[in-house]
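Participant: start_33.txt is reproduced below (compact mmCIF, C-alpha atoms).
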```
# COMPACT_ATOMS: atom_id res chain seq x y z
CA MET A 1296 129.72 96.07 118.57
CA TYR A 1297 126.31 94.97 117.35
CA ALA A 1298 123.09 93.50 118.69
CA VAL A 1299 120.12 91.57 117.34
CA ILE A 1300 116.78 93.04 118.46
CA ASN A 1301 113.24 91.67 118.23
CA THR A 1302 110.44 94.08 117.39
CA GLY A 1303 107.25 93.73 115.38
CA GLY A 1304 107.77 89.99 114.93
CA LYS A 1305 111.04 90.53 113.08
CA GLN A 1306 114.73 90.49 114.00
CA TYR A 1307 117.16 93.27 113.09
CA LYS A 1308 120.95 93.52 113.38
CA VAL A 1309 121.73 96.99 114.76
CA GLU A 1310 124.78 99.08 115.62
CA PRO A 1311 125.02 102.38 117.54
CA GLY A 1312 124.12 105.42 115.40
CA MET A 1313 122.13 103.36 112.89
CA LEU A 1314 118.77 104.53 111.43
CA LEU A 1315 116.19 101.77 111.09
CA LYS A 1316 112.56 101.47 109.92
CA VAL A 1317 110.57 99.09 112.14
CA GLU A 1318 106.89 98.25 112.57
CA LYS A 1319 104.94 101.10 114.15
CA LEU A 1320 105.74 101.74 117.83
CA CYS A 1321 103.38 103.59 120.19
CA ALA A 1322 105.64 106.47 121.22
CA ASN A 1323 106.00 110.10 120.17
CA PRO A 1324 108.93 111.45 118.12
CA GLY A 1325 111.79 112.54 120.37
CA GLU A 1326 111.06 109.92 123.04
CA THR A 1327 113.48 107.16 123.99
CA VAL A 1328 112.45 103.50 123.99
CA GLU A 1329 114.23 100.37 125.21
CA LEU A 1330 114.11 97.28 123.02
CA ASP A 1331 115.04 93.76 124.10
CA ALA A 1332 118.20 92.34 122.54
CA SER A 1333 118.36 88.60 121.98
CA LEU A 1334 122.09 88.64 121.18
CA ILE A 1335 124.90 91.14 121.80
CA ARG A 1336 128.44 90.87 120.42
CA ASP A 1337 131.06 93.29 121.73
CA ASP A 1338 134.30 94.45 120.08
CA GLU A 1339 136.37 91.63 121.62
CA GLY A 1340 134.06 88.96 120.14
CA ASN A 1341 132.28 88.03 123.39
CA ILE A 1342 128.63 87.07 122.96
CA LYS A 1343 125.87 87.77 125.49
CA THR A 1344 122.34 86.44 125.14
CA GLU A 1345 120.47 89.16 127.04
CA GLY A 1346 120.50 92.92 127.11
CA LYS A 1347 118.77 96.14 126.13
CA VAL A 1348 119.11 98.54 123.23
CA GLU A 1349 118.26 102.20 123.72
CA ALA A 1350 116.71 103.92 120.68
CA GLU A 1351 115.26 107.35 119.93
CA ILE A 1352 112.07 107.75 117.88
CA VAL A 1353 112.80 110.01 114.90
CA GLU A 1354 109.49 109.97 112.99
CA HIS A 1355 106.40 108.01 112.02
CA GLY A 1356 105.34 107.47 108.42
CA LYS A 1357 104.01 105.10 105.81
CA HIS A 1358 105.92 102.95 103.31
CA LYS A 1359 105.37 103.13 99.56
CA LYS A 1360 102.09 101.75 98.27
CA VAL A 1361 101.98 98.02 97.53
CA LEU A 1362 99.38 97.08 94.92
CA VAL A 1363 97.39 93.88 95.50
CA PHE A 1364 95.73 92.57 92.33
CA HIS A 1365 93.13 89.78 92.33
CA PHE A 1366 92.13 88.15 89.08
CA LYS A 1367 89.93 85.19 88.15
CA ARG A 1368 90.16 84.08 84.56
CA LYS A 1369 87.08 83.55 82.42
CA LYS A 1370 84.86 85.25 85.04
CA ASN A 1371 85.59 88.92 84.23
CA TYR A 1372 86.66 89.51 87.84
CA LYS A 1373 89.42 92.01 88.59
CA LYS A 1374 90.08 93.78 91.87
CA LEU A 1375 92.88 96.20 92.71
CA ASN A 1376 93.72 97.23 96.27
CA GLY A 1377 96.50 99.38 97.63
CA HIS A 1378 98.17 99.05 101.03
CA ARG A 1379 100.58 101.35 102.87
CA GLN A 1380 102.18 99.83 105.97
CA PRO A 1381 102.90 102.28 108.82
CA TYR A 1382 106.46 102.40 110.19
CA THR A 1383 108.54 104.11 112.84
CA LEU A 1384 112.03 105.42 112.06
CA ILE A 1385 114.37 104.93 115.04
CA ARG A 1386 117.99 105.88 115.73
CA ILE A 1387 120.01 103.44 117.86
CA LYS A 1388 121.67 105.34 120.71
CA GLU A 1389 123.48 102.69 122.71
CA ILE A 1390 123.66 98.97 123.39
CA LYS A 1391 123.52 97.95 127.04
CA GLY A 1392 124.91 94.50 127.79
```
Please re-express this file's structure in structure tokens.

Facilitator:
Amino acid sequence: MYAVINTGGKQYKVEPGMLLKVEKLCANPGETVELDASLIRDDEGNIKTEGKVEAEIVEHGKHKKVLVFHFKRKKNYKKLNGHRQPYTLIRIKEIKG
């Protein structure tokens, strides 16, 4: 059984018990959140187009640093920025069809 969820402008294929890093959610670690599922496929192969996925917030954190380098040739212009995107680690508890 799996589901496709929408969160943070992205789609993820999830299964029960799976750990997943998603865009930052406004909830505290240990809380349970419900995410909308756009597609659910059960063990028999039946497909449903609506449902909910129950997930537990495990932790909040930041990804590795991504370096952004700007350069203009012949102008002696160089600029280096770093960016760390925040994320939320969630554990999928159950899929409700």

Participant: Env of A:Gly1340: 10 Å cut, atoms = only C-alpha atoms, seq-sep filter 4 positions within chain, self excluded. Answer as a list of chain:residue names.

Facilitator: A:Met1296, A:Ile1335, A:Arg1336

Participant: When you count all atoms listed in the file, which of these residues is closest to A:Ser1333: A:Lys1374, A:Arg1386, A:His1358, A:Lys1305?

Facilitator: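 Among the listed residues, the smallest separation from A:Ser1333 belongs to A:Lys1305.
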
Participant: Padding 8 Å on every side, please: axis-aligned box over the listed atoms of stretch 1320-1327 of chain A, centre and edge lengths to one decimal in Å, as JSON.

Facilitator:
```
{"center_x": 108.4, "center_y": 107.1, "center_z": 120.9, "size_x": 26.1, "size_y": 26.8, "size_z": 22.2}
```

Participant: Mind pulling up the distance from atom CA of A:Gly1356 to atom CA of A:Leu1334?

Facilitator: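 So the two atoms, atom CA of A:Leu1334 and atom CA of A:Gly1356, lie 28.2 Å apart.
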
Participant: Set the distance at 8 Å and use all atoms listed in the file: which residues neighbour A:Tyr1297 once local chain neighbours fewer than 4 positions away are removed? I'd like the list as a PyMOL selection string.

Facilitator: chain A and resi 1308-1311+1335-1337+1390

Participant: So that I have them on file, write out the residues from the current selection with C-alpha atoms, as an mmCIF file, in the coordinates of the input.

Facilitator:
```
data_model
loop_
_atom_site.group_PDB
_atom_site.id
_atom_site.type_symbol
_atom_site.label_atom_id
_atom_site.label_comp_id
_atom_site.auth_asym_id
_atom_site.auth_seq_id
_atom_site.Cartn_x
_atom_site.Cartn_y
_atom_site.Cartn_z
ATOM 1 C CA LYS A 1308 120.950 93.520 113.380
ATOM 2 C CA VAL A 1309 121.730 96.990 114.760
ATOM 3 C CA GLU A 1310 124.780 99.080 115.620
ATOM 4 C CA PRO A 1311 125.020 102.380 117.540
ATOM 5 C CA ILE A 1335 124.900 91.140 121.800
ATOM 6 C CA ARG A 1336 128.440 90.870 120.420
ATOM 7 C CA ASP A 1337 131.060 93.290 121.730
ATOM 8 C CA ILE A 1390 123.660 98.970 123.390
#
```

Participant: Please indicate the distance in Å from atom CA of A:Val1299 to atom CA of A:Gly1312, rounded to one decimal place.

Facilitator: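 Separating atom CA of A:Val1299 from atom CA of A:Gly1312 is a distance of 14.5 Å.
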
Participant: Restricting the calculation to only C-alpha atoms, which member of A:Ile1342, A:Ala1322, A:Ile1387, A:Leu1330 is positioned closest to A:Gln1306?

Facilitator: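 So, comparing all the options, the nearest one is A:Leu1330.
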
Participant: Fewer than 6 positions away in the same chain doesn't count, so skip those; otherwise give me all residues within 12 Å of A:Lys1388, counting only C-alpha atoms, as a list in words.

Facilitator: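 Residues near the query, excluding close chain neighbours: Tyr1297, Val1309, Glu1310, Pro1311, Gly1312, Met1313, Leu1314, Leu1315, Glu1326, Thr1327, Val1328, Glu1329, Leu1330, Lys1347, Val1348, Glu1349, Ala1350, Glu1351, Ile1352 and Val1353 of chain A.
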
Participant: Point out the residue among A:Glu1354, A:Tyr1372, A:Lys1360, A:Ala1298 with the least atom-to-atom distance to A:Pro1324, counting only C-alpha atoms.

Facilitator: A:Glu1354

Participant: In Å, how far is it from atom CA of A:His1355 to atom CA of A:Leu1375?

Facilitator: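 We find that atom CA of A:His1355 and atom CA of A:Leu1375 lie 26.4 Å from each other.
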
Participant: Counting all atoms listed in the file, which of A:Asn1376, A:Asn1323, A:Asp1331, A:Ile1385 gets nearest to A:Thr1302?

Facilitator: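 Answer, going by the shortest atom-to-atom distance: A:Asp1331.
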
Participant: If you count all atoms listed in the file, which residues fall within 7 Å of A:Lys1316, apart from same-chain ones fewer than 5 positions away, as a list of chain:residue names?

Facilitator: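 Result of the neighbour search: A:Tyr1382, A:Thr1383, A:Leu1384, A:Ile1385.
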